[in-house]
Amino acid sequence: MTEHILKVSSLHKHFGGIYATDDVNLAVERGQIHAIIGPNGAGKTTLLAQLSGQIRPDSGDIEFGGRSIVNYSMARRAREGLARSFQITSVVMPMTLLQNVMLAVQGTDGHSFRFWAPVSEDRDMRDAAMASLAEVGLDDRADRVAANVSHGEQRQLEVAMALAMKPRMLLLDEPMAGMGKEEGAMMVEILKRLRGDKTILLVEHDMDAVFSLADELSVLVNGHIIATDTVEAIRNNLEVQRAYLGDAHA
Ligand code: ATP
C-alpha cells in the first residue's frame with residue numbers, strides 16, 4: 001500500500017508580481033526518492049524553503065507524517081523528522097568533519113550555541129556523529145579539517161550533518177552542484193544507499209543523476225507542477241519536453 005509521508009496541497013507563494021509557487025500539489029511516497037526538476041527560476045528553491053520552514057507560504061497546506069506542519073518553525077520540523085541538508089555555507093571550515101556533525105546534532109535539541117568544550121566530551125553525541133559520517137563514507141576522515149577536504153567531501157559532509165538529525169525525510173537542494181564526475185557518482189551511491197530507510201526530496205540539475213536516482217519526478221515550470229510520473233514516463237512526456245525546449249530557446 002502506498003503511504004505518502006509528505007503531502008503538499010494548493011501551496012502558493014508570490015514575491016511581488018512573481019508567482020514563485022503557483023498552486024503546488026505534491027505527494028511523496030515513504031522511502032522513495034522524489035526529484036523536482038525544472039528550468040532556472042521555476043521555483044524549486046522557493047518550494048524547498050517552504051517545506052523546510054525557511055519561508056512561509058501565502059496559502060496552502062503541508063502535511064508530514066499525517067499532520068499539518070505548515071505553521072511549524074524550521075527547528076520543529078527538523079525535530080519531527082523533516083530535515084533540510086545544510087549548505088556549504090553552514091559548514092564551519094576551521095572545524096573538523098566530526099565537530100561539524102556534532103554541531104548539527106546539538107542544533108536539533110535547541111542548544112546550538114552551547115559552549116563547545118563540554119560538548120566535545122559527550123560520548124553519545126560523538127558516536128552519533130561518527131555513525132552519520134560513516135553513512136556517507138567519511139568516517140575515516142572524521143578528524144580532517146573541513147577546509148582541507150575536497151568540495152565533494154564537503155557536500156557529503158552536508159548530508160552527514162542532515163542525517164545526524166535522524167530525519168525520516170531529507171530535503172536536498174542540488175547535492176551534486178559543482179561536483180566532478182567521480183564525486184557526483186559517489187553522491188549518487190550514497191543517496192541510493194539511503195533510499196528505503198529515508199524518504200528523499202531531491203532538487204537537482206544533473207539529469208543523469210536524477211534519472212538514475214528518482215523513483216518519481218515532478219516537473220516544476222513557472223511555480224506550477226506540470227507533471228509527476230516515473231522517470232521513463234517523464235522522458236517521453238511532450239509537455240515536459242516543450243517546457244525544456246522553451247527554456248533552452250528563451
Ligand atoms: P534555479 O534553478 O535557478 O536555482 P529555482 O527553480 O530554484 O531556480 P527560485 O530560486 O525558487 O527558482 O525562484 C523562483 C522565482 O521567484 C524566480 O523568478 C525568482 O527570481 C523569484 N524569487 C525567489 N526568491 C525571491 C525573493 N526573496 N524575492 C523576490 N523574488 C524571489
# chains A, B, ... in the order shown; residues from 1 in each chain; ligands from 1

call {"tool": "residues_around", "arguments": {"residues": "Glu216 of chain A", "least_positions_apart": "3", "cutoff": "8 Å", "atoms": "only C-alpha atoms", "output": "list in words"}}
result
Gln32, Ile33, His34, Ala35, Thr228, Asp229, Thr230 and Val231 of chain A

call {"tool": "write_last_selection", "arguments": {"atoms": "C-alpha atoms", "output": "compact mmCIF listing (two decimals), in the first residue's frame"}}
result
# COMPACT_ATOMS: atom_id res chain seq x y z
CA GLN A 32 11.21 6.86 -2.21
CA ILE A 33 13.45 9.37 -3.92
CA HIS A 34 11.24 12.03 -5.45
CA ALA A 35 13.03 14.53 -7.65
CA THR A 228 4.53 13.95 -11.81
CA ASP A 229 5.46 10.48 -13.01
CA THR A 230 8.18 7.85 -13.31
CA VAL A 231 11.47 8.72 -14.99

call {"tool": "closest_atom_pairs", "arguments": {"of": "chain A", "to": "ligand 1", "cutoff": "9 Å", "atoms": "only C-alpha atoms and all ligand atoms", "output": "tab-separated table"}}
result
residue	atom	partner	partner_atom_place_in_ligand_line	distance
A:Lys13	CA	ligand 1	16 (O)	8.8
A:His14	CA	ligand 1	16 (O)	7.5
A:Phe15	CA	ligand 1	29 (C)	4.7
A:Gly16	CA	ligand 1	29 (C)	7.0
A:Gly17	CA	ligand 1	30 (N)	8.8
A:Ile18	CA	ligand 1	16 (O)	6.1
A:Tyr19	CA	ligand 1	16 (O)	6.8
A:Ala20	CA	ligand 1	16 (O)	4.3
A:Thr21	CA	ligand 1	14 (C)	7.6
A:Ile37	CA	ligand 1	6 (O)	8.0
A:Gly38	CA	ligand 1	6 (O)	6.3
A:Pro39	CA	ligand 1	2 (O)	6.0
A:Asn40	CA	ligand 1	3 (O)	3.6
A:Gly41	CA	ligand 1	12 (O)	3.4
A:Ala42	CA	ligand 1	6 (O)	3.8
A:Gly43	CA	ligand 1	11 (O)	3.2
A:Lys44	CA	ligand 1	6 (O)	3.8
A:Thr45	CA	ligand 1	7 (O)	3.6
A:Thr46	CA	ligand 1	11 (O)	3.7
A:Leu47	CA	ligand 1	11 (O)	6.4
A:Leu48	CA	ligand 1	11 (O)	8.1
A:Ala49	CA	ligand 1	11 (O)	8.3
A:Asp173	CA	ligand 1	7 (O)	8.7
A:Glu174	CA	ligand 1	4 (O)	8.7
A:Val203	CA	ligand 1	7 (O)	8.3
A:Glu204	CA	ligand 1	2 (O)	8.3
A:His205	CA	ligand 1	2 (O)	7.3
A:Leu220	CA	ligand 1	6 (O)	7.7
A:Val221	CA	ligand 1	6 (O)	8.2
A:Asn222	CA	ligand 1	14 (C)	7.6
A:Gly223	CA	ligand 1	14 (C)	6.9

call {"tool": "residues_around", "arguments": {"residues": "segment 87-99 of chain A", "least_positions_apart": "3", "cutoff": "7 Å", "atoms": "only C-alpha atoms", "output": "PyMOL selection string"}}
result
chain A and resi 102-103+129-130+142-147+154-155+157-158

call {"tool": "atom_distance", "arguments": {"atom1": "atom CA of Ala177 of chain A", "atom2": "atom CA of His12 of chain A"}}
result
27.0 Å

call {"tool": "atom_distance", "arguments": {"atom1": "atom CA of Gly31 of chain A", "atom2": "atom CA of Lys198 of chain A"}}
result
5.3 Å

call {"tool": "residues_around", "arguments": {"residues": "Ser52 of chain A", "least_positions_apart": "6", "cutoff": "7 Å", "atoms": "only C-alpha atoms", "output": "JSON, numbers by chain"}}
result
{"A": [74, 77, 83, 84]}

call {"tool": "closest_residue", "arguments": {"among": "A:Leu194, A:Val136, A:Ala160, A:Ile225", "to": "Val101 of chain A", "atoms": "only C-alpha atoms"}}
result
A:Ala160

call {"tool": "atom_distance", "arguments": {"atom1": "atom CA of Ile69 of chain A", "atom2": "atom CA of Leu163 of chain A"}}
result
20.1 Å

call {"tool": "closest_residue", "arguments": {"among": "A:Met186, A:Met165, A:Leu213, A:Leu191", "to": "Ala128 of chain A", "atoms": "only C-alpha atoms"}}
result
A:Met165

call {"tool": "closest_residue", "arguments": {"among": "A:Thr199, A:Met187, A:Ala227, A:Ala78", "to": "Ser212 of chain A", "atoms": "only C-alpha atoms"}}
result
A:Met187

call {"tool": "select_by_dssp", "arguments": {"residues": "segment 12-237 of chain A", "states": "strand (DSSP E or B)", "output": "MDAnalysis selection string"}}
result
chainID A and resid 12:15 18:29 33:37 59:64 67:68 82:84 96 145 169:173 195 198:203 216:221 224:229

call {"tool": "select_by_dssp", "arguments": {"residues": "segment 32-226 of chain A", "states": "helix (DSSP H, G or I)", "output": "ChimeraX atom specification"}}
result
/A:44-52,74-80,88-90,97-108,116-120,123-135,139-141,146-148,151-163,181-194,207-213

call {"tool": "residues_around", "arguments": {"residues": "segment 23-28 of chain A", "least_positions_apart": "3", "cutoff": "6 Å", "atoms": "only C-alpha atoms", "output": "JSON, numbers by chain"}}
result
{"A": [4, 6, 7, 8, 9, 10, 11, 12, 224]}

call {"tool": "residues_around", "arguments": {"residues": "Lys166 of chain A", "least_positions_apart": "6", "cutoff": "9 Å", "atoms": "only C-alpha atoms", "output": "mmCIF file with C-alpha atoms, in the first residue's frame"}}
result
data_model
loop_
_atom_site.group_PDB
_atom_site.id
_atom_site.type_symbol
_atom_site.label_atom_id
_atom_site.label_comp_id
_atom_site.auth_asym_id
_atom_site.auth_seq_id
_atom_site.Cartn_x
_atom_site.Cartn_y
_atom_site.Cartn_z
ATOM 1 C CA ALA A 78 13.565 19.067 11.926
ATOM 2 C CA ARG A 79 12.555 17.556 15.267
ATOM 3 C CA GLY A 81 11.976 14.294 11.156
ATOM 4 C CA LEU A 82 11.956 16.599 8.151
ATOM 5 C CA ALA A 83 15.498 17.843 7.631
ATOM 6 C CA VAL A 105 23.383 17.044 16.381
ATOM 7 C CA SER A 132 26.384 9.780 10.342
#
